[in-house]
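The block underneath contains the structure these notes are about, expressed in structure tokens.
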Amino acid sequence: QCQTTHAHNAARCMLICVLLRRDISALGGYCIQNREQAKEIVQMVEAILAPLLGLLDGPEAAVNRQISFVIAEVCSILSLMDDIRGKDAARAILISISDACSKAHIPSLNLLACVIQRASFAFKEHEEIIISIISSATQSLSSSPSLPATQGILQVMNNTSIASMASHSLSTKTLSNKPQERMMQLIHCQTMTMAETSHKKLTVDANSIPATIGKTCLPSILQIINGFVDERSVYQMQEVMQAFSHCASTCPSLLAGDINILYSVCRLLLSVASKTPDVSTRLAAIEALA
């Protein structure tokens, strides 16, 4: 049903995904309380990963999005329950979608952004691969520019940057040997990393992973976006400006880790704010610039 365009089937598939995601999340909590059954349940959750990945490239974007959320929940539960299984799941996902992501395939980019956000620690050892994927995706867009794909790449970049910050924070802590306490420590660390992304607490670190990602990938992305400034891709450009605003407020090192990159970002935002006819897009650009 996920491979059809029938409206009823799409709605049914999205409902199934929502319910499945809820059940997977509940299983994680159940495993903590019932350790004797945890191994069997984790194996069951792990077993649905490959079939879900096979459903990702359906014709309905909304269904693909919901499937991505389910896959991200699977990866999150596995990473919280078992380091090795979490890393194995992350590796399996990267193997499955790396080629499509490198070609700026939007559903695959959305999936990568989702799983990095939900399972930050599982992707720590894959940072170099992810940076390589982002770089390849931007090169692919150079020959076939697309604002939605560009937004997808920005989401991957930002989520990878935040995940790096969470991993760095975790490295300064001593994890408990008790499964329940360990799981709560991981959740707390990941949650607090997101909660602490305020202007008063964040600083720019030119030697950080986010700064490296920005230096490597942003020049090509800025050039792609600049080519759309005079066109009437109103909604899409507005979403890209909002993505820049989110990057600036959650991980400034991504945009300002290098002074030349920061100047280029500011020039683009000023160009959008002054040339784009749509008021909402201009306001989004000004907000990002601020």
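Simple scheme: letters A, B, ... for chains in structure tokens order, numbers from 1 for residues in each chain, numbers from 1 for ligands in the order shown.
For A:Leu268, the list of residues within 9 Å, based on only C-alpha atoms and with local chain neighbours fewer than 5 positions off taken out, reads Leu222, Gln223, Ile225, Asn226, Val229, Tyr263, Ala273 and Ala285 of chain A.
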Between stretch 16-129 of chain A and stretch 159-167 of chain A, at 6 Å or less, what are the per-residue closest atom pairs and their distances in Å? Count only C-alpha atoms, order by chain and rising residue number, and return it as a Markdown table.
| residue | atom | partner | partner_atom | distance |
| --- | --- | --- | --- | --- |
| A:Gln117 | CA | A:Asn159 | CA | 5.5 |
| A:Ser120 | CA | A:Ala163 | CA | 4.7 |
| A:Phe121 | CA | A:Ser167 | CA | 5.9 |
Closest of A:Met241, A:Leu56, A:Ile221, A:Ala113 to A:Gln139 - atom-to-atom distances counting only C-alpha atoms =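 The answer is A:Ile221, which sits nearest to A:Gln139.
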task = Identify, on the basis of only C-alpha atoms, every residue whose closest approach to A:Asp83 does not exceed 12 Å; exclude the query and any residue fewer than 3 positions from it along the same chain; express the result as a count of residues only.
result = 22
inquiry  = Set the distance at 12 Å and use only C-alpha atoms: which residues neighbour stretch 23-29 of chain A once local chain neighbours fewer than 5 positions away are removed? I'd like the list as number ranges by chain.
reply    = A: 16-18, 34-35, 37-46, 48-49, 69-82, 118, 179-180, 183-184
Next, the residues of the selection above should be written as a compact mmCIF listing (two decimals), in the first residue's frame with N, CA, C and O atoms.
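Written out: result_26.txt:
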# COMPACT_ATOMS: atom_id res chain seq x y z
N ILE A 16 -0.71 3.86 10.15
CA ILE A 16 0.05 2.69 10.58
C ILE A 16 1.42 3.09 11.09
O ILE A 16 1.90 2.59 12.12
N CYS A 17 2.06 4.02 10.38
CA CYS A 17 3.40 4.47 10.79
C CYS A 17 3.35 5.16 12.16
O CYS A 17 4.23 4.94 13.00
N VAL A 18 2.35 5.98 12.37
CA VAL A 18 2.20 6.67 13.66
C VAL A 18 2.03 5.66 14.79
O VAL A 18 2.66 5.77 15.85
N ASN A 34 11.64 -4.68 32.16
CA ASN A 34 11.61 -6.15 32.07
C ASN A 34 12.86 -6.63 31.34
O ASN A 34 12.81 -7.01 30.16
N ARG A 35 13.98 -6.60 32.02
CA ARG A 35 15.26 -6.90 31.39
C ARG A 35 15.36 -8.33 30.87
O ARG A 35 16.10 -8.61 29.93
N GLN A 37 13.25 -9.95 29.21
CA GLN A 37 12.68 -10.05 27.86
C GLN A 37 13.32 -9.06 26.88
O GLN A 37 12.98 -9.05 25.71
N ALA A 38 14.23 -8.25 27.39
CA ALA A 38 14.78 -7.16 26.57
C ALA A 38 15.49 -7.66 25.32
O ALA A 38 15.32 -7.11 24.24
N LYS A 39 16.30 -8.70 25.46
CA LYS A 39 17.08 -9.19 24.33
C LYS A 39 16.18 -9.61 23.18
O LYS A 39 16.43 -9.26 22.00
N GLU A 40 15.13 -10.34 23.50
CA GLU A 40 14.21 -10.82 22.46
C GLU A 40 13.49 -9.66 21.78
O GLU A 40 13.33 -9.63 20.55
N ILE A 41 13.07 -8.67 22.56
CA ILE A 41 12.35 -7.53 22.01
C ILE A 41 13.27 -6.67 21.15
O ILE A 41 12.88 -6.22 20.06
N VAL A 42 14.49 -6.45 21.61
CA VAL A 42 15.46 -5.67 20.83
C VAL A 42 15.74 -6.34 19.50
O VAL A 42 15.83 -5.68 18.46
N GLN A 43 15.86 -7.66 19.50
CA GLN A 43 16.08 -8.41 18.26
C GLN A 43 14.90 -8.23 17.31
O GLN A 43 15.07 -8.11 16.09
N MET A 44 13.69 -8.23 17.87
CA MET A 44 12.48 -8.06 17.06
C MET A 44 12.45 -6.65 16.43
O MET A 44 12.16 -6.51 15.24
N VAL A 45 12.79 -5.64 17.24
CA VAL A 45 12.82 -4.27 16.72
C VAL A 45 13.89 -4.14 15.64
O VAL A 45 13.67 -3.52 14.59
N GLU A 46 15.04 -4.75 15.89
CA GLU A 46 16.15 -4.70 14.94
C GLU A 46 15.76 -5.35 13.61
O GLU A 46 16.18 -4.89 12.54
N ILE A 48 12.97 -5.34 12.02
CA ILE A 48 12.06 -4.60 11.12
C ILE A 48 12.77 -3.46 10.40
O ILE A 48 12.18 -2.81 9.54
N LEU A 49 14.05 -3.23 10.73
CA LEU A 49 14.77 -2.11 10.13
C LEU A 49 14.91 -2.26 8.62
O LEU A 49 14.59 -1.34 7.86
N PHE A 69 10.32 8.61 10.21
CA PHE A 69 10.16 8.78 11.65
C PHE A 69 10.19 7.43 12.37
O PHE A 69 10.75 7.31 13.46
N VAL A 70 9.58 6.41 11.75
CA VAL A 70 9.59 5.08 12.35
C VAL A 70 11.01 4.52 12.39
O VAL A 70 11.45 3.97 13.41
N ILE A 71 11.73 4.65 11.28
CA ILE A 71 13.12 4.16 11.22
C ILE A 71 13.97 4.88 12.26
O ILE A 71 14.79 4.27 12.95
N ALA A 72 13.76 6.18 12.40
CA ALA A 72 14.51 6.96 13.39
C ALA A 72 14.20 6.47 14.80
O ALA A 72 15.09 6.40 15.66
N GLU A 73 12.95 6.11 15.05
CA GLU A 73 12.57 5.60 16.38
C GLU A 73 13.22 4.25 16.66
O GLU A 73 13.69 3.99 17.77
N VAL A 74 13.28 3.40 15.63
CA VAL A 74 13.97 2.11 15.77
C VAL A 74 15.43 2.33 16.14
O VAL A 74 15.97 1.72 17.08
N CYS A 75 16.09 3.21 15.41
CA CYS A 75 17.51 3.49 15.65
C CYS A 75 17.71 4.10 17.04
O CYS A 75 18.68 3.77 17.74
N SER A 76 16.80 4.97 17.45
CA SER A 76 16.89 5.60 18.76
C SER A 76 16.79 4.57 19.88
O SER A 76 17.61 4.57 20.81
N ILE A 77 15.81 3.68 19.79
CA ILE A 77 15.62 2.66 20.83
C ILE A 77 16.83 1.73 20.89
O ILE A 77 17.33 1.40 21.97
N LEU A 78 17.33 1.31 19.74
CA LEU A 78 18.49 0.41 19.71
C LEU A 78 19.72 1.08 20.30
O LEU A 78 20.48 0.45 21.05
N SER A 79 19.91 2.37 20.00
CA SER A 79 21.10 3.06 20.53
C SER A 79 21.01 3.28 22.03
O SER A 79 22.03 3.26 22.73
N LEU A 80 19.79 3.47 22.54
CA LEU A 80 19.62 3.66 23.97
C LEU A 80 19.73 2.34 24.75
O LEU A 80 20.22 2.31 25.88
N MET A 81 19.31 1.25 24.11
CA MET A 81 19.31 -0.05 24.77
C MET A 81 20.67 -0.74 24.71
O MET A 81 21.08 -1.43 25.64
N ASP A 82 21.37 -0.56 23.59
CA ASP A 82 22.61 -1.31 23.37
C ASP A 82 23.50 -0.53 22.41
O ASP A 82 23.14 -0.30 21.26
N ARG A 118 17.44 11.69 16.22
CA ARG A 118 16.86 10.80 17.24
C ARG A 118 17.89 9.86 17.86
O ARG A 118 17.68 9.35 18.96
N PRO A 179 21.31 -0.41 33.47
CA PRO A 179 20.64 -0.07 32.20
C PRO A 179 19.65 1.08 32.30
O PRO A 179 19.64 1.96 31.44
N GLN A 180 18.83 1.08 33.34
CA GLN A 180 17.81 2.13 33.44
C GLN A 180 18.45 3.50 33.67
O GLN A 180 18.07 4.49 33.03
N MET A 183 20.24 4.65 30.44
CA MET A 183 19.32 5.14 29.43
C MET A 183 18.85 6.56 29.76
O MET A 183 18.78 7.43 28.88
N MET A 184 18.58 6.82 31.05
CA MET A 184 18.14 8.14 31.45
C MET A 184 19.26 9.17 31.27
O MET A 184 19.01 10.32 30.89
ask   = Which residue out of A:Thr212, A:Thr250, A:Ser98, A:Ser220 has the minimum interatomic distance to A:Ser143 when only C-alpha atoms are used?
value =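 Of A:Thr212, A:Thr250, A:Ser98, A:Ser220, the one nearest A:Ser143 is A:Ser220, counting only C-alpha atoms.
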request  = Could you give me, as a PyMOL selection string, the residues within 8 Å of A:Asn158, counting only C-alpha atoms and dropping anything in the same chain fewer than 3 positions from it?
outcome  = chain A and resi 154-155+161-162+210+247+251+254
A:Ala100: which residues within 12 Å, counting only C-alpha atoms, same-chain residues fewer than 4 positions away excluded, as a CSV table (one decimal) with all heavy atoms, in the first residue's frame?
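Once everything was written out, this is part23.csv:
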chain,number,residue,atom,x,y,z
A,56,LEU,N,11.0,3.0,1.8
A,56,LEU,CA,11.3,4.4,1.9
A,56,LEU,C,11.0,5.2,0.6
A,56,LEU,O,10.5,6.3,0.6
A,56,LEU,CB,12.7,4.7,2.3
A,56,LEU,CG,13.0,6.2,2.6
A,56,LEU,CD1,12.2,6.7,3.7
A,56,LEU,CD2,14.5,6.3,2.9
A,57,ASP,N,11.2,4.6,-0.5
A,57,ASP,CA,11.2,5.3,-1.8
A,57,ASP,C,9.8,5.2,-2.5
A,57,ASP,O,9.8,5.0,-3.7
A,57,ASP,CB,12.3,4.9,-2.7
A,57,ASP,CG,12.5,5.9,-3.8
A,57,ASP,OD1,12.1,7.1,-3.7
A,57,ASP,OD2,13.2,5.5,-4.8
A,93,ILE,N,21.8,1.8,8.1
A,93,ILE,CA,21.1,2.8,7.4
A,93,ILE,C,22.0,3.6,6.5
A,93,ILE,O,21.6,3.9,5.3
A,93,ILE,CB,20.5,3.8,8.5
A,93,ILE,CG1,19.4,3.1,9.3
A,93,ILE,CG2,20.0,5.1,7.9
A,93,ILE,CD1,18.9,3.9,10.5
A,94,LEU,N,23.2,3.9,6.9
A,94,LEU,CA,24.2,4.6,6.0
A,94,LEU,C,24.5,3.8,4.8
A,94,LEU,O,24.5,4.4,3.7
A,94,LEU,CB,25.4,4.9,6.8
A,94,LEU,CG,25.3,6.1,7.8
A,94,LEU,CD1,26.7,6.2,8.6
A,94,LEU,CD2,25.0,7.4,7.1
A,95,ILE,N,24.7,2.5,4.9
A,95,ILE,CA,25.0,1.6,3.8
A,95,ILE,C,23.8,1.7,2.8
A,95,ILE,O,24.0,1.7,1.6
A,95,ILE,CB,25.2,0.2,4.2
A,95,ILE,CG1,26.6,0.1,4.9
A,95,ILE,CG2,25.3,-0.7,3.0
A,95,ILE,CD1,26.9,-1.2,5.6
A,96,SER,N,22.6,1.7,3.4
A,96,SER,CA,21.4,1.6,2.5
A,96,SER,C,21.1,2.9,1.8
A,96,SER,O,20.7,2.9,0.6
A,96,SER,CB,20.2,1.3,3.4
A,96,SER,OG,19.0,1.3,2.7
A,104,ALA,N,21.6,13.6,-3.6
A,104,ALA,CA,20.6,14.6,-3.2
A,104,ALA,C,19.2,14.1,-3.3
A,104,ALA,O,18.3,14.8,-3.6
A,104,ALA,CB,20.8,15.9,-3.9
A,105,HIS,N,19.0,12.8,-3.0
A,105,HIS,CA,17.7,12.2,-3.0
A,105,HIS,C,16.9,12.7,-1.8
A,105,HIS,O,17.4,12.3,-0.7
A,105,HIS,CB,17.8,10.7,-3.1
A,105,HIS,CG,16.5,9.9,-3.1
A,105,HIS,ND1,16.1,9.2,-2.0
A,105,HIS,CD2,15.5,9.9,-4.0
A,105,HIS,CE1,14.9,8.6,-2.3
A,105,HIS,NE2,14.5,9.1,-3.5
A,106,ILE,N,15.9,13.4,-1.9
A,106,ILE,CA,15.2,14.1,-0.8
A,106,ILE,C,14.7,13.2,0.3
A,106,ILE,O,15.0,13.4,1.5
A,106,ILE,CB,14.1,15.0,-1.3
A,106,ILE,CG1,14.7,16.1,-2.2
A,106,ILE,CG2,13.3,15.6,-0.2
A,106,ILE,CD1,13.7,17.0,-2.9
A,107,PRO,N,14.0,12.1,0.0
A,107,PRO,CA,13.5,11.2,1.1
A,107,PRO,C,14.7,10.6,1.9
A,107,PRO,O,14.6,10.5,3.1
A,107,PRO,CB,12.8,10.1,0.3
A,107,PRO,CG,12.3,10.7,-0.9
A,107,PRO,CD,13.4,11.7,-1.3
A,108,SER,N,15.8,10.3,1.2
A,108,SER,CA,17.0,9.7,1.9
A,108,SER,C,17.6,10.8,2.8
A,108,SER,O,18.1,10.5,3.9
A,108,SER,CB,18.0,9.2,0.9
A,108,SER,OG,17.4,8.1,0.1
A,109,LEU,N,17.7,12.0,2.3
A,109,LEU,CA,18.3,13.1,3.1
A,109,LEU,C,17.4,13.4,4.3
A,109,LEU,O,17.9,13.6,5.4
A,109,LEU,CB,18.4,14.4,2.2
A,109,LEU,CG,19.4,14.4,1.1
A,109,LEU,CD1,19.2,15.7,0.3
A,109,LEU,CD2,20.8,14.4,1.7
A,110,ASN,N,16.1,13.3,4.1
A,110,ASN,CA,15.2,13.5,5.2
A,110,ASN,C,15.3,12.4,6.3
A,110,ASN,O,15.3,12.7,7.5
A,110,ASN,CB,13.7,13.6,4.8
A,110,ASN,CG,13.4,14.8,4.0
A,110,ASN,OD1,14.0,15.8,4.1
A,110,ASN,ND2,12.4,14.8,3.2
A,111,LEU,N,15.5,11.2,5.8
A,111,LEU,CA,15.7,10.1,6.7
A,111,LEU,C,17.0,10.3,7.5
A,111,LEU,O,17.0,10.1,8.7
A,111,LEU,CB,15.8,8.7,5.9
A,111,LEU,CG,16.2,7.5,6.8
A,111,LEU,CD1,15.3,7.3,8.0
A,111,LEU,CD2,16.3,6.3,5.9
A,112,LEU,N,18.1,10.6,6.8
A,112,LEU,CA,19.4,10.8,7.5
A,112,LEU,C,19.3,11.9,8.5
A,112,LEU,O,19.8,11.7,9.7
A,112,LEU,CB,20.4,11.2,6.4
A,112,LEU,CG,21.9,11.3,7.0
A,112,LEU,CD1,22.3,10.0,7.6
A,112,LEU,CD2,22.8,11.6,5.8
A,133,ILE,N,29.2,12.4,2.6
A,133,ILE,CA,27.9,12.3,1.9
A,133,ILE,C,27.3,13.7,1.6
A,133,ILE,O,26.8,14.0,0.5
A,133,ILE,CB,26.9,11.5,2.8
A,133,ILE,CG1,27.3,10.0,2.8
A,133,ILE,CG2,25.5,11.7,2.3
A,133,ILE,CD1,26.5,9.2,3.8
A,134,ILE,N,27.4,14.6,2.6
A,134,ILE,CA,26.9,16.0,2.4
A,134,ILE,C,27.7,16.6,1.3
A,134,ILE,O,27.1,17.3,0.4
A,134,ILE,CB,27.1,16.8,3.7
A,134,ILE,CG1,26.2,16.2,4.8
A,134,ILE,CG2,26.7,18.2,3.5
A,134,ILE,CD1,26.5,16.7,6.2
A,136,SER,N,29.2,15.3,-1.2
A,136,SER,CA,28.8,14.7,-2.5
A,136,SER,C,27.5,15.2,-3.0
A,136,SER,O,27.2,15.4,-4.2
A,136,SER,CB,28.8,13.1,-2.4
A,136,SER,OG,30.1,12.6,-2.2
A,137,ALA,N,26.5,15.3,-2.0
A,137,ALA,CA,25.2,15.8,-2.3
A,137,ALA,C,25.2,17.2,-2.8
A,137,ALA,O,24.5,17.5,-3.8
A,137,ALA,CB,24.3,15.7,-1.1
A,140,SER,N,26.4,17.1,-6.3
A,140,SER,CA,25.4,16.6,-7.2
A,140,SER,C,24.4,17.7,-7.6
A,140,SER,O,23.9,17.8,-8.7
A,140,SER,CB,24.7,15.5,-6.6
A,140,SER,OG,23.6,15.0,-7.3
A,149,ALA,N,16.0,20.0,-2.0
A,149,ALA,CA,17.1,19.1,-1.7
A,149,ALA,C,18.2,19.9,-0.9
A,149,ALA,O,18.8,19.4,0.1
A,149,ALA,CB,17.7,18.6,-2.9
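Between atom CA of A:Thr150 and atom CA of A:Ser271 there is a distance of 17.6 Å.
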query = Which of these, A:Ser245, A:Ser264, A:Ser274, A:Ser102, has the shortest distance to A:Ile129 once you count only C-alpha atoms?
reply =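 Comparing A:Ser245, A:Ser264, A:Ser274, A:Ser102 against A:Ile129, the winner is A:Ser102.
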Within 9 Å of A:Gln151 using only C-alpha atoms, minus same-chain residues under 5 positions, as a ChimeraX atom specification = /A:146,156,236-237,239-241,243-244
Written selection (all heavy atoms) as a tab-separated table (two decimals), in the first residue's frame:
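And here's part-v2.tsv as it stands now:
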chain	number	residue	atom	x	y	z
A	146	SER	N	18.28	22.39	-6.68
A	146	SER	CA	16.95	22.16	-6.12
A	146	SER	C	16.90	22.74	-4.71
A	146	SER	O	17.72	22.38	-3.86
A	146	SER	CB	16.64	20.66	-6.08
A	146	SER	OG	15.58	20.37	-5.20
A	156	VAL	N	20.49	17.97	7.48
A	156	VAL	CA	21.49	16.96	7.82
A	156	VAL	C	22.70	17.62	8.47
A	156	VAL	O	23.23	17.14	9.49
A	156	VAL	CB	21.92	16.16	6.57
A	156	VAL	CG1	23.07	15.21	6.92
A	156	VAL	CG2	20.75	15.35	6.02
A	236	GLN	N	9.49	27.55	-1.12
A	236	GLN	CA	10.74	26.79	-0.97
A	236	GLN	C	11.87	27.67	-0.45
A	236	GLN	O	12.63	27.26	0.44
A	236	GLN	CB	11.12	26.15	-2.30
A	236	GLN	CG	10.14	25.10	-2.78
A	236	GLN	CD	10.46	24.57	-4.17
A	236	GLN	OE1	11.32	25.11	-4.86
A	236	GLN	NE2	9.75	23.53	-4.59
A	237	MET	N	11.98	28.89	-0.97
A	237	MET	CA	13.02	29.81	-0.49
A	237	MET	C	12.76	30.20	0.96
A	237	MET	O	13.70	30.33	1.77
A	237	MET	CB	13.08	31.04	-1.37
A	237	MET	CG	14.16	32.05	-0.96
A	237	MET	SD	15.84	31.38	-1.07
A	237	MET	CE	16.16	31.60	-2.83
A	239	GLU	N	11.40	28.35	3.26
A	239	GLU	CA	11.81	27.22	4.09
A	239	GLU	C	13.34	27.15	4.22
A	239	GLU	O	13.86	26.82	5.30
A	239	GLU	CB	11.28	25.91	3.51
A	239	GLU	CG	9.78	25.73	3.71
A	239	GLU	CD	9.37	24.29	3.51
A	239	GLU	OE1	9.96	23.61	2.65
A	239	GLU	OE2	8.44	23.83	4.21
A	240	VAL	N	14.05	27.47	3.16
A	240	VAL	CA	15.52	27.48	3.22
A	240	VAL	C	16.00	28.57	4.17
A	240	VAL	O	16.92	28.36	4.97
A	240	VAL	CB	16.12	27.67	1.81
A	240	VAL	CG1	17.62	27.94	1.90
A	240	VAL	CG2	15.87	26.43	0.96
A	241	MET	N	15.36	29.75	4.11
A	241	MET	CA	15.72	30.83	5.03
A	241	MET	C	15.45	30.44	6.48
A	241	MET	O	16.23	30.75	7.39
A	241	MET	CB	14.95	32.11	4.68
A	241	MET	CG	15.34	32.75	3.34
A	241	MET	SD	17.09	33.23	3.28
A	241	MET	CE	17.78	31.88	2.28
A	243	ALA	N	15.57	27.43	7.58
A	243	ALA	CA	16.61	26.46	7.92
A	243	ALA	C	17.89	27.18	8.36
A	243	ALA	O	18.55	26.76	9.32
A	243	ALA	CB	16.89	25.55	6.72
A	244	PHE	N	18.24	28.26	7.67
A	244	PHE	CA	19.40	29.06	8.07
A	244	PHE	C	19.19	29.66	9.46
A	244	PHE	O	20.12	29.70	10.28
A	244	PHE	CB	19.67	30.18	7.06
A	244	PHE	CG	20.59	29.77	5.94
A	244	PHE	CD1	20.11	29.59	4.67
A	244	PHE	CD2	21.94	29.58	6.19
A	244	PHE	CE1	20.96	29.20	3.63
A	244	PHE	CE2	22.80	29.20	5.16
A	244	PHE	CZ	22.31	29.01	3.89
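Atom CA of A:Cys114 lies 18.0 Å from atom CA of A:Glu128.
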